>>> print(open('coords_29.csv').read())   # CSV, C-alpha atoms and all ligand atoms
chain,number,residue,atom,x,y,z
Q,30,MET,CA,-63.5,24.7,51.4
Q,31,LYS,CA,-61.1,22.3,49.9
Q,32,THR,CA,-62.4,20.1,47.0
Q,33,ILE,CA,-60.9,16.7,46.4
Q,34,VAL,CA,-62.1,14.6,43.4
Q,35,ILE,CA,-61.4,10.9,43.5
Q,36,HIS,CA,-61.0,9.1,40.1
Q,37,SER,CA,-59.5,6.0,38.5
Q,38,ILE,CA,-58.9,4.8,35.0
Q,39,HIS,CA,-60.5,1.4,35.5
Q,40,LYS,CA,-63.5,0.3,37.4
Q,41,GLY,CA,-63.2,-1.3,40.8
Q,42,GLU,CA,-59.8,0.2,41.7
Q,43,GLY,CA,-61.2,1.5,45.0
Q,44,LYS,CA,-62.4,5.1,44.3
Q,45,THR,CA,-65.5,4.7,46.4
Q,46,LYS,CA,-63.7,3.0,49.2
Q,47,VAL,CA,-61.0,5.7,49.3
Q,48,ALA,CA,-63.6,8.5,49.1
Q,49,LYS,CA,-65.6,7.2,52.0
Q,50,GLU,CA,-62.7,6.3,54.2
Q,51,LEU,CA,-61.0,9.7,53.5
Q,52,ALA,CA,-64.2,11.4,54.3
Q,53,GLY,CA,-64.5,9.3,57.5
Q,54,TYR,CA,-61.0,10.0,58.6
Q,55,LEU,CA,-61.3,13.7,58.1
Q,56,GLN,CA,-64.7,13.8,59.9
Q,57,LEU,CA,-63.3,11.9,62.8
Q,58,GLN,CA,-60.4,14.4,63.0
Q,59,GLY,CA,-63.0,17.1,63.6
Q,60,ASN,CA,-63.6,18.5,60.1
Q,61,ASN,CA,-67.0,19.1,58.6
Q,62,VAL,CA,-67.0,16.9,55.6
Q,63,LEU,CA,-69.3,16.8,52.6
Q,64,LEU,CA,-69.1,13.6,50.5
Q,65,ALA,CA,-70.7,13.8,47.0
Q,66,ASP,CA,-71.3,10.6,45.0
Q,67,LEU,CA,-71.3,11.8,41.4
Q,68,ASP,CA,-71.2,8.3,40.0
Q,69,PHE,CA,-74.6,7.4,38.4
Q,70,ILE,CA,-73.1,4.4,36.5
Q,71,THR,CA,-72.2,2.0,39.2
Q,72,ASP,CA,-74.8,-0.1,41.0
Q,73,SER,CA,-75.8,1.9,44.1
Q,74,HIS,CA,-75.5,-1.0,46.6
Q,75,ARG,CA,-71.8,-1.0,45.8
Q,76,ARG,CA,-71.3,2.4,47.3
Q,77,ALA,CA,-74.0,2.8,49.9
Q,78,LEU,CA,-72.9,4.2,53.3
Q,79,GLY,CA,-75.9,2.6,54.9
Q,80,LEU,CA,-78.1,5.6,54.1
Q,81,PRO,CA,-81.5,5.9,52.5
Q,82,SER,CA,-81.4,6.2,48.8
Q,83,SER,CA,-83.4,9.5,48.7
Q,84,PRO,CA,-82.9,12.4,48.3
Q,85,ASN,CA,-80.1,12.1,45.8
Q,86,LEU,CA,-78.3,13.6,42.9
Q,87,GLU,CA,-81.2,13.1,40.5
Q,88,ASP,CA,-83.4,15.3,42.6
Q,89,MET,CA,-80.9,18.1,42.4
Q,90,LEU,CA,-80.5,17.6,38.7
Q,91,LYS,CA,-84.2,17.8,38.2
Q,92,ASP,CA,-84.3,21.2,40.0
Q,93,ILE,CA,-81.3,22.3,37.9
Q,94,ASP,CA,-83.2,21.4,34.8
Q,95,ALA,CA,-86.2,23.4,35.9
Q,96,GLN,CA,-84.1,26.5,36.4
Q,97,ALA,CA,-82.1,26.0,33.2
Q,98,ASN,CA,-85.3,26.8,31.3
Q,99,HIS,CA,-85.0,30.5,32.3
Q,100,LYS,CA,-81.3,31.1,33.2
Q,101,PRO,CA,-77.8,30.0,32.2
Q,102,TYR,CA,-76.2,27.2,34.2
Q,103,PHE,CA,-73.5,29.4,35.7
Q,104,ASP,CA,-76.3,31.5,37.2
Q,105,ILE,CA,-78.1,28.6,38.9
Q,106,LYS,CA,-77.5,29.0,42.6
Q,107,PHE,CA,-79.2,27.3,45.5
Q,108,SER,CA,-79.2,28.6,49.0
Q,109,ALA,CA,-77.7,26.6,51.9
Q,110,GLU,CA,-81.3,25.8,53.0
Q,111,GLU,CA,-82.2,24.6,49.6
Q,112,MET,CA,-79.0,22.5,49.3
Q,113,ASP,CA,-79.9,20.9,52.7
Q,114,ASN,CA,-82.9,19.2,51.0
Q,115,TYR,CA,-80.5,17.2,48.8
Q,116,LEU,CA,-78.2,16.0,51.6
Q,117,LEU,CA,-78.2,12.9,53.8
Q,118,THR,CA,-76.5,12.6,57.2
Q,119,HIS,CA,-74.3,9.6,58.0
Q,120,SER,CA,-74.0,8.5,61.6
Q,121,SER,CA,-70.4,9.8,61.7
Q,122,GLY,CA,-71.7,13.3,60.9
Q,123,ILE,CA,-70.6,13.3,57.3
Q,124,ARG,CA,-73.2,15.0,55.0
Q,125,VAL,CA,-73.7,13.1,51.8
Q,126,LEU,CA,-75.1,13.9,48.4
Q,127,SER,CA,-76.1,10.4,47.4
Q,128,SER,CA,-76.6,8.9,43.9
Q,129,GLU,CA,-78.6,6.1,42.5
Q,130,ASN,CA,-77.9,4.1,39.3
Q,131,ALA,CA,-79.2,6.4,36.6
Q,132,GLN,CA,-77.2,5.6,33.4
Q,133,TYR,CA,-79.6,7.5,31.2
Q,134,LEU,CA,-78.0,10.7,32.6
Q,135,SER,CA,-74.8,9.9,30.6
Q,136,GLU,CA,-76.9,10.5,27.4
Q,137,ASP,CA,-77.9,14.0,28.5
Q,138,GLU,CA,-76.0,16.4,26.2
Q,139,HIS,CA,-75.8,19.0,29.0
Q,140,ILE,CA,-74.7,16.6,31.7
Q,141,ALA,CA,-71.2,18.1,32.0
Q,142,GLN,CA,-72.7,21.6,32.6
Q,143,LYS,CA,-75.2,20.2,35.0
Q,144,LEU,CA,-72.6,18.3,37.1
Q,145,ARG,CA,-70.4,21.4,37.2
Q,146,THR,CA,-73.4,23.3,38.5
Q,147,VAL,CA,-73.9,20.6,41.2
Q,148,VAL,CA,-70.3,20.8,42.3
Q,149,ARG,CA,-70.2,24.7,42.3
Q,150,ASN,CA,-73.3,24.7,44.6
Q,151,LEU,CA,-71.7,22.1,46.9
Q,152,LYS,CA,-68.6,24.2,47.0
Q,153,SER,CA,-70.6,27.2,48.1
Q,154,LEU,CA,-71.6,25.5,51.3
Q,155,SER,CA,-69.6,26.0,54.5
Q,156,PHE,CA,-67.8,22.7,54.9
Q,157,ASP,CA,-64.1,22.1,55.5
Q,158,VAL,CA,-63.7,19.5,52.8
Q,159,LEU,CA,-65.7,18.3,49.8
Q,160,ILE,CA,-64.9,14.8,48.6
Q,161,VAL,CA,-66.3,13.9,45.2
Q,162,ASP,CA,-66.5,10.3,44.0
Q,163,THR,CA,-66.7,9.8,40.3
Q,164,ASP,CA,-67.1,7.0,37.7
Q,165,SER,CA,-64.1,5.8,35.7
Q,166,THR,CA,-65.4,6.8,32.2
Q,167,GLU,CA,-63.3,9.1,30.1
Q,168,ARG,CA,-66.3,11.4,29.5
Q,169,ASP,CA,-66.3,15.2,29.4
Q,170,TYR,CA,-68.5,15.4,32.5
Q,171,ASN,CA,-65.6,14.0,34.5
Q,172,GLN,CA,-63.3,16.7,33.1
Q,173,ALA,CA,-65.9,19.3,34.1
Q,174,ILE,CA,-65.7,17.9,37.7
Q,175,PHE,CA,-61.9,17.9,37.6
Q,176,ASN,CA,-62.0,21.5,36.7
Q,177,GLU,CA,-63.7,22.3,40.0
Q,178,ALA,CA,-61.2,20.4,42.1
Q,179,ASP,CA,-58.3,21.7,44.2
Q,180,GLN,CA,-56.8,18.2,44.0
Q,181,VAL,CA,-57.6,15.2,41.8
Q,182,LEU,CA,-56.6,11.8,43.3
Q,183,ILE,CA,-56.1,9.0,40.9
Q,184,VAL,CA,-56.7,5.7,42.7
Q,185,MET,CA,-54.9,2.7,41.2
Q,186,ASP,CA,-53.6,-0.7,42.0
Q,187,ASN,CA,-50.0,-1.1,40.9
Q,188,PHE,CA,-50.2,-3.8,38.3
Q,189,ARG,CA,-48.1,-3.1,35.3
Q,190,TYR,CA,-51.0,-2.6,32.8
Q,191,ASN,CA,-52.5,0.0,35.1
Q,192,VAL,CA,-49.4,2.1,35.3
Q,193,LYS,CA,-49.3,2.1,31.4
Q,194,ASP,CA,-52.9,3.2,31.2
Q,195,VAL,CA,-52.5,6.0,33.7
Q,196,LYS,CA,-49.6,7.2,31.7
Q,197,ILE,CA,-51.7,7.3,28.5
Q,198,PHE,CA,-54.5,9.0,30.4
Q,199,ILE,CA,-52.3,11.8,31.7
Q,200,HIS,CA,-50.7,12.2,28.3
Q,201,LYS,CA,-54.1,12.5,26.6
Q,202,MET,CA,-55.3,15.1,29.2
Q,203,GLN,CA,-52.1,17.2,28.6
Q,204,GLN,CA,-52.6,17.0,24.8
Q,205,MET,CA,-56.0,18.5,25.3
Q,206,ASP,CA,-54.2,21.3,27.3
Q,207,PHE,CA,-55.8,20.1,30.4
Q,208,SER,CA,-53.6,20.9,33.4
Q,209,THR,CA,-52.8,17.8,35.5
Q,210,GLN,CA,-50.6,19.8,37.9
Q,211,ASN,CA,-53.1,19.1,40.8
Q,212,PHE,CA,-53.4,15.4,40.0
Q,213,LYS,CA,-51.9,12.9,42.5
Q,214,ILE,CA,-51.8,9.1,42.7
Q,215,ILE,CA,-52.8,6.7,45.5
Q,216,PHE,CA,-51.9,3.1,45.2
Q,217,ASN,CA,-54.8,1.0,46.6
Q,218,LYS,CA,-55.2,-2.6,47.6
Q,219,VAL,CA,-51.4,-3.0,47.3
Q,220,PRO,CA,-50.1,-6.5,48.1
Q,221,SER,CA,-46.6,-7.0,49.1
Q,222,PRO,CA,-44.2,-7.1,47.4
Q,223,VAL,CA,-45.1,-4.0,45.4
Q,224,GLN,CA,-45.1,-4.8,41.7
Q,225,VAL,CA,-44.1,-1.3,40.4
Q,226,THR,CA,-42.2,1.0,42.6
Q,227,THR,CA,-43.3,4.5,43.6
Q,228,GLU,CA,-40.2,6.0,41.9
Q,229,ASP,CA,-41.0,4.2,38.7
Q,230,ILE,CA,-44.6,5.5,38.5
Q,231,GLU,CA,-43.7,9.0,39.5
Q,232,LYS,CA,-41.1,9.1,36.8
Q,233,ASP,CA,-43.5,7.5,34.2
Q,234,THR,CA,-46.5,9.8,34.9
Q,235,GLY,CA,-44.9,12.9,36.3
Q,236,LEU,CA,-47.4,12.7,39.2
Q,237,GLN,CA,-46.6,12.4,42.9
Q,238,VAL,CA,-47.7,9.2,44.8
Q,239,ILE,CA,-49.1,10.4,48.1
Q,240,GLY,CA,-50.1,7.1,49.6
Q,241,ILE,CA,-50.1,3.3,49.5
Q,242,VAL,CA,-53.3,1.9,50.9
Q,243,PRO,CA,-53.1,-1.8,51.9
Q,244,VAL,CA,-55.7,-4.4,51.4
Q,245,LEU,CA,-57.9,-4.4,54.5
Q,246,ASP,CA,-57.5,-7.6,56.3
Q,247,ARG,CA,-60.6,-7.2,58.5
Q,248,PRO,CA,-63.1,-5.0,56.7
Q,249,CYS,CA,-66.3,-4.1,58.5
Q,250,GLN,CA,-69.0,-6.6,57.8
Q,251,PRO,CA,-72.1,-5.1,56.2
Q,252,SER,CA,-75.3,-6.1,57.8
Q,253,SER,CA,-78.1,-6.4,55.3
Q,254,GLY,CA,-77.8,-5.8,51.5
Q,255,THR,CA,-75.5,-2.8,51.7
Q,256,GLU,CA,-71.7,-2.9,51.5
Q,257,ASP,CA,-69.4,-0.7,53.5
Q,258,ILE,CA,-72.1,0.4,55.9
Q,259,CYS,CA,-69.4,1.2,58.4
Q,260,LEU,CA,-66.1,3.1,58.1
Q,261,ASN,CA,-63.0,1.0,58.5
Q,262,VAL,CA,-61.0,4.1,59.7
Q,263,ALA,CA,-63.3,4.1,62.7
Q,264,ASP,CA,-62.0,0.7,63.9
Q,265,PRO,CA,-58.7,1.2,65.7
Q,266,LYS,CA,-57.7,-2.4,64.9
Q,267,ASN,CA,-57.1,-1.4,61.3
Q,268,VAL,CA,-53.7,0.2,62.2
Q,269,ASP,CA,-52.0,-0.1,58.8
Q,270,PHE,CA,-55.1,1.1,56.9
Q,271,ILE,CA,-55.6,4.1,59.1
Q,272,THR,CA,-51.9,5.0,58.9
Q,273,ALA,CA,-52.1,4.8,55.1
Q,274,ILE,CA,-55.2,7.1,55.0
Q,275,LYS,CA,-53.5,9.6,57.3
Q,276,GLU,CA,-50.6,9.6,55.0
Q,277,VAL,CA,-52.9,10.4,52.1
Q,278,VAL,CA,-54.4,13.3,54.1
Q,279,ASP,CA,-51.0,14.6,54.9
Q,280,GLY,CA,-50.1,14.4,51.2
Q,281,LEU,CA,-53.1,16.6,50.4
Q,282,ILE,CA,-52.1,19.5,52.6
Q,301,LIG,N1,-58.0,-1.3,50.4
Q,301,LIG,C1,-58.9,-2.2,50.2
Q,301,LIG,N2,-59.0,-3.3,51.0
Q,301,LIG,C2,-59.9,-4.2,50.8
Q,301,LIG,N3,-60.9,-4.1,49.9
Q,301,LIG,C3,-60.9,-3.0,49.1
Q,301,LIG,C4,-60.0,-2.0,49.2
Q,301,LIG,N4,-60.3,-1.0,48.3
Q,301,LIG,C5,-61.4,-1.4,47.7
Q,301,LIG,N5,-61.8,-2.6,48.1
Q,301,LIG,C6,-62.9,-3.4,47.6
Q,301,LIG,O1,-62.8,-3.5,46.2
Q,301,LIG,C7,-64.1,-3.4,45.6
Q,301,LIG,C8,-64.0,-2.2,44.6
Q,301,LIG,O2,-63.8,-1.0,45.4
Q,301,LIG,P1,-64.7,0.3,45.1
Q,301,LIG,O3,-66.1,0.0,44.9
Q,301,LIG,O4,-64.3,1.3,46.1
Q,301,LIG,O5,-64.0,0.6,43.6
Q,301,LIG,P2,-64.5,1.8,42.6
Q,301,LIG,O6,-63.3,2.3,41.9
Q,301,LIG,O7,-65.3,2.8,43.3
Q,301,LIG,O8,-65.4,0.9,41.6
Q,301,LIG,P3,-66.4,1.4,40.5
Q,301,LIG,O9,-65.6,1.9,39.3
Q,301,LIG,O10,-67.3,0.2,40.2
Q,301,LIG,O11,-67.2,2.6,41.1
Q,301,LIG,C9,-65.1,-3.2,46.7
Q,301,LIG,O12,-65.6,-4.5,47.0
Q,301,LIG,C10,-64.3,-2.7,47.9
Q,301,LIG,O13,-64.8,-3.0,49.1
Q,302,MG,MG,-67.2,3.5,42.9
>>> encode(input="coords_29.csv", output="structure tokens")
Amino acid sequence: MKTIVIHSIHKGEGKTKVAKELAGYLQLQGNNVLLADLDFITDSHRRALGLPSSPNLEDMLKDIDAQANHKPYFDIKFSAEEMDNYLLTHSSGIRVLSSENAQYLSEDEHIAQKLRTVVRNLKSLSFDVLIVDTDSTERDYNQAIFNEADQVLIVMDNFRYNVKDVKIFIHKMQQMDFSTQNFKIIFNKVPSPVQVTTEDIEKDTGLQVIGIVPVLDRPCQPSSGTEDICLNVADPKNVDFITAIKEVVDGLI
């Protein structure tokens, strides 16, 4: 299974949107997709796929806690049947490990190891693709998640200050001897004309830009209380948006 982690330097750049739409596109193309929401910082209504809020990441973390009393984290392994208890099923067929707002988890001194254990167990399942949504903090638990990824996609808009911040972020990671070789960039919510060119940012960051996702002109309308209850890639009217997501997928292969 291929593991793709979605991250951004600032909040609100479109990680969740990209993660869901990428998962939706791949699922509609006939892949078995697992989408994991490992963001326990952001308000959950901002990321709901129109699914119930339980079971979720916290349930799995509680069971990891129980096992950690008598074995090391790397030895904590759940069977496919056990993992099934933590997963929801979206109407598109995407299986989802959901997450609720649970900021207290960021105070847990073992959270990095626990999240790594979560991702390792998700990776052990037989899906074609695992897509992981993250929060935008610079915490070590996100680095633990990057470590489990085949590819890390940095979602950003292309305003000048963002380009500078991505450059600083990549530089810091490299100074810590963290390999950013499998990191790639997606421009999201890009208006025209583009503020910073692809060539400029590739030169500045050393990362490849694999897609430019436009602002959705006709996003699906959520029904009650939840946002993004539907997948925009499933609406053939969103021609430019679907083309952009396809380009991202092509850039991942
Ligand atoms: N391409 C797009 N076209 C239109 N709206 C978009 C697009 N990408 C994201 N948005 C909207 O921008 C807002 C922020 O996006 P999203 O929640 O995906 O960002 P995020 O990086 O996950 O934020 P957070 O850091 O809070 O988790 C949402 O309202 C989302 O619907
Ligand atoms: Mg998000």
>>> closest_residue(input="coords_29.csv", among="Q:Asp233, Q:Asp264, Q:Asp94, Q:Asp164", to="ligand LIG 301 (chain Q)", atoms="all atoms listed in the file")
Q:Asp164
>>> residues_near_ligand(input="coords_29.csv", ligand="ligand MG 302 (chain Q)", cutoff="7 Å", atoms="only C-alpha atoms and all ligand atoms", output="list in words")
Gly41, Gly43, Lys44, Thr45, Asp68, Thr71, Arg76, Asp162, Thr163 and Asp164 of chain Q
>>> write_last_selection(input="coords_29.csv", atoms="C-alpha atoms", output="CSV table (one decimal), in the coordinates of the input")
chain,number,residue,atom,x,y,z
Q,41,GLY,CA,-63.2,-1.3,40.8
Q,43,GLY,CA,-61.2,1.5,45.0
Q,44,LYS,CA,-62.4,5.1,44.3
Q,45,THR,CA,-65.5,4.7,46.4
Q,68,ASP,CA,-71.2,8.3,40.0
Q,71,THR,CA,-72.2,2.0,39.2
Q,76,ARG,CA,-71.3,2.4,47.3
Q,162,ASP,CA,-66.5,10.3,44.0
Q,163,THR,CA,-66.7,9.8,40.3
Q,164,ASP,CA,-67.1,7.0,37.7
>>> residues_near_ligand(input="coords_29.csv", ligand="ligand LIG 301 (chain Q)", cutoff="10 Å", atoms="all atoms listed in the file", output="ChimeraX atom specification")
/Q:35-50,66,68-77,162-166,183-186,216-220,241-249,256-257,261,270,273-274
>>> residues_near_point(input="coords_29.csv", point="(-72.3, 11.7, 53.9)", cutoff="10 Å", atoms="all atoms listed in the file", output="tab-separated table (two decimals) with C-alpha atoms, keeping the file's coordinate frame")
chain	number	residue	atom	x	y	z
Q	49	LYS	CA	-65.60	7.20	52.00
Q	52	ALA	CA	-64.20	11.40	54.30
Q	53	GLY	CA	-64.50	9.30	57.50
Q	56	GLN	CA	-64.70	13.80	59.90
Q	62	VAL	CA	-67.00	16.90	55.60
Q	63	LEU	CA	-69.30	16.80	52.60
Q	64	LEU	CA	-69.10	13.60	50.50
Q	65	ALA	CA	-70.70	13.80	47.00
Q	66	ASP	CA	-71.30	10.60	45.00
Q	77	ALA	CA	-74.00	2.80	49.90
Q	78	LEU	CA	-72.90	4.20	53.30
Q	79	GLY	CA	-75.90	2.60	54.90
Q	80	LEU	CA	-78.10	5.60	54.10
Q	116	LEU	CA	-78.20	16.00	51.60
Q	117	LEU	CA	-78.20	12.90	53.80
Q	118	THR	CA	-76.50	12.60	57.20
Q	119	HIS	CA	-74.30	9.60	58.00
Q	120	SER	CA	-74.00	8.50	61.60
Q	121	SER	CA	-70.40	9.80	61.70
Q	122	GLY	CA	-71.70	13.30	60.90
Q	123	ILE	CA	-70.60	13.30	57.30
Q	124	ARG	CA	-73.20	15.00	55.00
Q	125	VAL	CA	-73.70	13.10	51.80
Q	126	LEU	CA	-75.10	13.90	48.40
Q	127	SER	CA	-76.10	10.40	47.40
Q	160	ILE	CA	-64.90	14.80	48.60
>>> atom_distance(input="coords_29.csv", atom1="atom CA of Q:Leu281", atom2="atom CA of Q:Lys143")
27.2 Å
>>> residues_around(input="coords_29.csv", residues="Q:Ala141", least_positions_apart="5", cutoff="12 Å", atoms="all atoms listed in the file", output="ChimeraX atom specification")
/Q:67,90,102,134-136,146-148,168-177
>>> atom_distance(input="coords_29.csv", atom1="atom CA of Q:Ser83", atom2="atom CA of Q:Leu159")
19.8 Å
>>> atom_distance(input="coords_29.csv", atom1="atom CA of Q:Lys31", atom2="atom CA of Q:Glu129")
25.0 Å
>>> closest_residue(input="coords_29.csv", among="Q:Pro81, Q:Gly240, Q:Gly235, Q:Pro265", to="Q:Gly280", atoms="all atoms listed in the file")
Q:Gly240
>>> closest_residue(input="coords_29.csv", among="Q:Thr272, Q:Thr32, Q:Thr209, Q:Asn130", to="Q:Lys152", atoms="all atoms listed in the file")
Q:Thr32
>>> residues_around(input="coords_29.csv", residues="Q:Lys193", least_positions_apart="5", cutoff="10 Å", atoms="all atoms listed in the file", output="PyMOL selection string")
chain Q and resi 188+198+230+233-234
>>> closest_residue(input="coords_29.csv", among="Q:Phe207, Q:Ile140, Q:Leu154, Q:Ile282", to="Q:Lys91", atoms="only C-alpha atoms")
Q:Ile140
